[in-house]
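**Student:** Here you go, one structure.
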Amino acid sequence: MKICVLVKAVPDPAAPKRIDPATGRLDRTGETNLNGYDANALETALQLREGGVLAIDEIVAVTMGPAAAAKALQKAAALGADRSLHLIDDALAGSDLIATAYALAQVLEREAPDLVLLGQQSEDGTGYALGAAVADHLQMPSLTQVVSLQVDGGELVLERQTGYGYDTIRVALPAVISVSDAINVPRYPSLKAIMGAKRKPVQELSLADAGIDPARVGADGSCVTCGEFHAPAAKAAGQIIEADDTDVTVTEIVAYLQERKVI
Amino acid sequence: MPSDILVYVLEHEGTPSKSSLGVLAQAAELAAELGGQADALLLGGEEATDELCALLGAYGAARVLRSHGPLGLAQPVVDALDAAIDRCGYRYVILGGGLLGPEIGAGLGARRSAGVTVETTAITARDGELVAERPIFGETQISESRFRGELGIIVGRAGAFEARPATTPGAAEVVELDVPLRPYSTRAQVVKRDEQRGAELNIESAEVLVAGGRGLGDPESFKLCEDLAVAFGDGAAVAATRAVVDAGWYPYAAQVGQTGKTVAPKLYLAAGISGAVQHRVGMQGSGTIVAVNKDAGAPIFDFCDLGVVGDVKQILPKLTVAVAAAKGA
C-alpha cells in the first residue's frame with residue numbers, strides 16, 4: 001500500500017511578508033520551511049505505517065514549486081518519507097488553486113496511491129480547499145479538517161468538527177484526506193535521520209514528465225486573476241479603561257455594555 | 001442566464017445556516033446589479049420542506065433548486081451544483097463559510113475548471129462582473145480577485161456576510177432537481193452526526209461569548225469565564241483560544257480562530273487573550289468586543305471596542321456579580 005503526502009515549503013512565519021509589485025504575487029524568496037500542517041500529515045502517514053493495521057510499503061512526499069520547494073522534501077525525508085517527487089517547471093509559476101490541484105493530481109495519478117494525505121491549510125495561502133480539488137480530479141472521496149483517523153476493516157474512520165458537533169465518517173480507500181494540527185504532534189527528526197534523508201531519492205518532474213497540459217497551469221492557465229490590493233477600512237480606536245480600582249473598572253464595563261445594549 | 005448566481009444553502013434539521021443566508025442575501029443584490037437573479041440550491045432529506053424553500057425567498061432566492069442526497073458531506077453537493085449548472089446555467093456560484101464551503105467550492109472548481117476564491121469577506125459588482133475581496137497578511141491588506149472563464153466560484157468567510165432579509169424578496173419558485181451522484185461521492189458515509197462533547201459548546205450560535213486565553217493563568221480559572229457566561233444568561237457560552245485548547249485547559253470544540261470556529265456574537269468578551277491574528281480572524285466579526293488583559297501592549301487592544309487593562313482574576317468575579325445584578329434589574 002502506498003501513501004502520498006503533499007507537502008509545501010512556506011516562508012518563515014516570523015519574516016515579514018510582501019507582494020512583489022512586479023508580479024502581484026507573494027514574494028517567496030527568503031527562508032522557507034515545511035508547512036506545519038504538512039508535518040501533521042506526514043506524522044499521520046508514519047503512525048499508520050507503524051500501527052501495522054494497513055501494510056504501508058511506501059510513503060512518498062510530493063511537492064510543486066521552484067527550487068526552494070525542495071526544502072519541504074528534505075524535511076519530509078528526514079521525518080520518514082521514503083522518496084520524493086518534485087514537480088518543478090517555470091511554466092507553473094502563478095498557478096491558482098485549481099491549476100495547482102490539476103497539476104498535483106497529474107503527478108499523483110502516475111503514482112496511483114491508496115491514500116493521499118495533506119495538511120488542511122498552508123500558513124501562506126488558501127485553506128481547506130486543495131485536497132477537495134485534487135480528489136475530484138482523482139475521482140476519490142475527500143474530507144478536510146480531520147482531527148482523528150483510525151483504520152477499521154480496510155477503511156478509514158475519521159472525525160471532524162462541524163458547526164453542530166462532531167461527525168464520524170467512514171471512508172473507503174483510495175481517498176484524499178486533509179488533516180488538522182489537532183490530529184497529532186509531529187515528531188522531531190533525529191540527527192541521523194536528517195543525515196540519512198540526503199541519500200533518499202528525489203525525482204524532479206517537468207510538465208511533460210507528468211503529462212500536464214501547459215494551457216491549464218501557470219498564470220495564463222489560471223481562472224482567478226489577482227494583483228489588485230487595497231488597505232482594509234480603518235477601525236475607529238476603541239475606548240480604553242485603565243483604573244487601579246477594580247470596582248470602578250467593573251462599573252464602567254457594565255455601563256458600557258448597557259449603553260451598547262448587550263445587557 | 002449568463003449573469004445568474006447560484007447559492008448553496010446548508011440546512012441542518014430544517015434550519016438554514018446563518019452563513020448561507022448571509023451569502024444568499026448578498027447574492028440577490030449582486031445578481032440584480034448584474035441584471036440576473038439569485039437561485040438557491042438545497043440538498044437535503046425530508047427537512048427540505050416547502051416552508052424552508054419559502055423562507056429562502058425572503059432572503060432573495062428567485063428559485064429554489066431542491067435535491068435529495070446524503071447530508072454532512074461536500075461531494076454530493078458538488079454533484080448537485082454541477083447538475084444545476086448543467087440544467088440552468090450560472091455565471092457564479094457563491095457558498096458560505098464553515099466546514100463544507102471550501103470543500104464544495106474547490107471540488108466544483110476542479111470539476112468544471114473554474115476559478116475559486118476562499119475566505120472572501122466582501123463581494124462587489126464592477127464592470128459587469130464580480131470582484132471577491134480577501135484579507136491577507138494578518139488582515140493588513142485586502143487582495144481583489146476576478147474570474148476568467150464561464151464560471152466563478154466564491155467561498156465566503158464564515159460570519160463575513162450578515163444574514164438579513166433581502167430588500168427585494170424572491171419568488172422562491174421550487175424546482176425539483178434530480179442529482180446523479182458520482183461513484184466516489186458515495187464512498188464516504190457519515191456514521192455518527194452532531195455528537196456533542198462537553199456541555200454547551202455550540203459557541204457559533206451564542207449571542208454572548210466569554211472567551212478565555214493564556215492570561216487566565218491556569219485551567220481552573222476557566223470557572224471565572226463560566227460564571228460570567230451564566231450571569232449573562234441564556235444565549236451565553238464560553239469560548240477559548242487555541243493556546244489553551246492545545247494546553248488541555250478547555251475542549252477543542254470551544255476553540256475560536258483560524259483552526260477553530262468562526263463566531264460573530266453580539267458581545268465577545270476576551271479574558272486574558274492577546275489577540276494574535278489566528279484568533280482574530282475567528283472573532284473579529286463580533287458586534288462588540290471587550291478585552292480584559294493586563295498587558296497594555298497586547299494586539300487585541302488595537303481592534304477591540306472596549307479595552308480594560310487589568311487582572312482578569314480580579315475583574316471577572318466582580319464583573320459577574322455586577323452583570324447578574326444588571327440583568328436582574
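Residues are named by chain letter and number: chains run A, B, ... in the order of the C-alpha cells, numbers start at 1 in each chain, and ligands are numbered from 1 in the order shown.
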Show me, as JSON, numbers by chain, the residues of chain A whose atoms get within 6 Å of chain B, using only C-alpha atoms for the distance check.
**Tutor:** {"A": [98, 128, 129, 132, 133, 136, 139, 140, 141, 164, 165, 166, 167, 168, 169, 170, 171, 172, 223, 224, 225, 226, 228, 229, 230, 231, 232, 238, 239, 240, 241, 242, 250]}
**Student:** So that I can see what lies close to stretch 57-64 of chain A, please list as a PDB file with C-alpha atoms, in the first residue's frame the residues with an atom at most 10 Å from it, counting only C-alpha atoms and leaving out residues fewer than 2 positions away in the same chain.
**Tutor:**
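What landed in result.pdb:
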ATOM      1  CA  MET A   1       0.000   0.000   0.000  1.00  0.00           C
ATOM      2  CA  LYS A   2       1.253   3.449  -0.884  1.00  0.00           C
ATOM      3  CA  ILE A   3       0.644   6.796   0.819  1.00  0.00           C
ATOM      4  CA  CYS A   4       1.439  10.051  -0.951  1.00  0.00           C
ATOM      5  CA  VAL A   5       1.805  13.119   1.254  1.00  0.00           C
ATOM      6  CA  LEU A   6       1.502  16.543  -0.338  1.00  0.00           C
ATOM      7  CA  VAL A   7       3.954  18.967   1.238  1.00  0.00           C
ATOM      8  CA  LYS A   8       4.760  22.601   0.718  1.00  0.00           C
ATOM      9  CA  ALA A   9       7.575  24.929   1.660  1.00  0.00           C
ATOM     10  CA  LEU A  42       3.401  13.126   7.445  1.00  0.00           C
ATOM     11  CA  ALA A  45       1.299   8.554   7.481  1.00  0.00           C
ATOM     12  CA  LEU A  46       4.134   7.423   9.757  1.00  0.00           C
ATOM     13  CA  ARG A  49       2.772   2.542   8.919  1.00  0.00           C
ATOM     14  CA  LEU A  54      -2.511  -1.275   6.967  1.00  0.00           C
ATOM     15  CA  ALA A  55       0.557  -2.718   5.255  1.00  0.00           C
ATOM     16  CA  PRO A  66      10.607  26.297  -7.571  1.00  0.00           C
ATOM     17  CA  ALA A  67      13.993  25.016  -6.389  1.00  0.00           C
ATOM     18  CA  ALA A  69      10.447  23.992  -2.512  1.00  0.00           C
ATOM     19  CA  ALA A  70      12.930  21.127  -2.169  1.00  0.00           C
ATOM     20  CA  LYS A  71      13.380  22.260   1.437  1.00  0.00           C
ATOM     21  CA  ALA A  72       9.981  20.758   2.254  1.00  0.00           C
ATOM     22  CA  LEU A  73      11.014  17.457   0.667  1.00  0.00           C
ATOM     23  CA  GLN A  74      14.249  17.309   2.683  1.00  0.00           C
ATOM     24  CA  LYS A  75      12.294  17.831   5.868  1.00  0.00           C
ATOM     25  CA  ALA A  76       9.738  15.211   4.812  1.00  0.00           C
ATOM     26  CA  ALA A  77      12.518  12.721   4.092  1.00  0.00           C
ATOM     27  CA  GLY A  80      10.379   9.450   7.388  1.00  0.00           C
ATOM     28  CA  ALA A  81       9.193   9.735   3.779  1.00  0.00           C
ATOM     29  CA  ASP A  82      10.887   7.058   1.660  1.00  0.00           C
ATOM     30  CA  ARG A  83      11.248   9.072  -1.521  1.00  0.00           C
ATOM     31  CA  SER A  84      10.146  12.362  -3.007  1.00  0.00           C
ATOM     32  CA  LEU A  85       8.701  13.820  -6.187  1.00  0.00           C
ATOM     33  CA  HIS A  86       9.312  17.457  -7.038  1.00  0.00           C
ATOM     34  CA  LEU A  87       7.142  18.948  -9.769  1.00  0.00           C
ATOM     35  CA  ILE A  88       9.290  21.837 -10.948  1.00  0.00           C
ATOM     36  CA  ASP A  89       8.748  23.887 -14.084  1.00  0.00           C
ATOM     37  CA  LEU A  92       3.860  26.539 -13.203  1.00  0.00           C
ATOM     38  CA  ALA A  93       4.545  29.993 -11.724  1.00  0.00           C
ATOM     39  CA  THR A 100      -2.224  23.711  -8.734  1.00  0.00           C
ATOM     40  CA  ALA A 103      -1.008  19.682 -11.751  1.00  0.00           C
ATOM     41  CA  LEU A 104      -0.588  17.797  -8.472  1.00  0.00           C
ATOM     42  CA  VAL A 107       1.587  13.662 -10.622  1.00  0.00           C
ATOM     43  CA  LEU A 108      -0.448  11.634  -8.139  1.00  0.00           C
ATOM     44  CA  GLU A 111       1.744   7.078  -8.532  1.00  0.00           C
ATOM     45  CA  PRO A 113      -1.633   5.930  -4.229  1.00  0.00           C
ATOM     46  CA  LEU A 115      -4.171   7.272   0.319  1.00  0.00           C
ATOM     47  CA  VAL A 116      -3.267  10.918  -0.237  1.00  0.00           C
ATOM     48  CA  LEU A 117      -2.655  12.978   2.904  1.00  0.00           C
ATOM     49  CA  LEU A 118      -2.087  16.709   3.224  1.00  0.00           C
ATOM     50  CA  VAL A 202      14.256  12.817  -5.075  1.00  0.00           C
ATOM     51  CA  GLN A 203      12.862  12.788  -8.583  1.00  0.00           C
ATOM     52  CA  GLU A 204      12.280  16.056 -10.411  1.00  0.00           C
ATOM     53  CA  LEU A 205       9.406  16.151 -12.872  1.00  0.00           C
TER      54      LEU A 205
END
**Student:** If you count only C-alpha atoms, which residues fall within 8 Å of B:Gly285, apart from same-chain ones fewer than 3 positions away, as a VMD selection string?
**Tutor:** chain B and resid 159 to 160 263 to 265 282
**Student:** Give me the residues within 6 Å of B:Leu95 as a VMD selection string, counting only C-alpha atoms and dropping any in the same chain fewer than 3 places off.
**Tutor:** chain B and resid 7 to 8 101 155
**Student:** Output the selection as an mmCIF file, in the first residue's frame - N, CA and C atoms for each residue.
**Tutor:**
data_model
loop_
_atom_site.group_PDB
_atom_site.id
_atom_site.type_symbol
_atom_site.label_atom_id
_atom_site.label_comp_id
_atom_site.auth_asym_id
_atom_site.auth_seq_id
_atom_site.Cartn_x
_atom_site.Cartn_y
_atom_site.Cartn_z
ATOM 1 N N VAL B 7 -26.561 29.903 -5.199
ATOM 2 C CA VAL B 7 -26.046 29.865 -3.826
ATOM 3 C C VAL B 7 -26.409 28.524 -3.201
ATOM 4 N N TYR B 8 -25.430 27.827 -2.662
ATOM 5 C CA TYR B 8 -25.739 26.608 -1.926
ATOM 6 C C TYR B 8 -26.154 26.989 -0.512
ATOM 7 N N GLY B 101 -18.089 24.723 2.941
ATOM 8 C CA GLY B 101 -17.980 25.701 1.866
ATOM 9 C C GLY B 101 -16.709 25.564 1.038
ATOM 10 N N VAL B 155 -16.197 31.503 -2.189
ATOM 11 C CA VAL B 155 -16.495 30.923 -0.884
ATOM 12 C C VAL B 155 -16.290 32.003 0.163
#
**Student:** Write down as an MDAnalysis selection string the residues belonging to stretch 28-245 of chain A that are assigned strand (DSSP E or B) by DSSP computed on the backbone.
**Tutor:** chainID A and resid 32:34 58:64 83:87 115:119 121 127 142:152 155:162 165:171 175:179 202:205 224:230 239:241
**Student:** Within 6 Å of stretch 168-172 of chain B, counting only C-alpha atoms, which residues qualify if same-chain residues fewer than 2 places away don't, as a VMD selection string?
**Tutor:** chain B and resid 54 57 to 58 60 to 64 166
**Student:** Find the residues near A:Val134: any atom within 7 Å, counting only C-alpha atoms, skip ones fewer than 4 places away on the same chain, and give them as a PyMOL selection string.
**Tutor:** chain A and resi 101-102+105+130+138
**Student:** Emit the selected residues as a CSV table (one decimal), in the first residue's frame, including N, CA and C atoms.
**Tutor:**
chain,number,residue,atom,x,y,z
A,101,ALA,N,-4.1,22.2,-8.2
A,101,ALA,CA,-4.7,20.9,-7.9
A,101,ALA,C,-4.6,20.0,-9.1
A,102,TYR,N,-4.9,20.6,-10.3
A,102,TYR,CA,-4.8,19.8,-11.5
A,102,TYR,C,-3.4,19.3,-11.7
A,105,ALA,N,-2.6,16.6,-9.2
A,105,ALA,CA,-3.4,15.4,-9.4
A,105,ALA,C,-2.7,14.6,-10.6
A,130,LEU,N,-7.5,22.7,-1.1
A,130,LEU,CA,-6.7,22.0,-2.1
A,130,LEU,C,-7.0,20.5,-2.2
A,138,LEU,N,-8.9,13.1,-9.1
A,138,LEU,CA,-8.5,11.7,-9.0
A,138,LEU,C,-9.8,10.8,-8.8
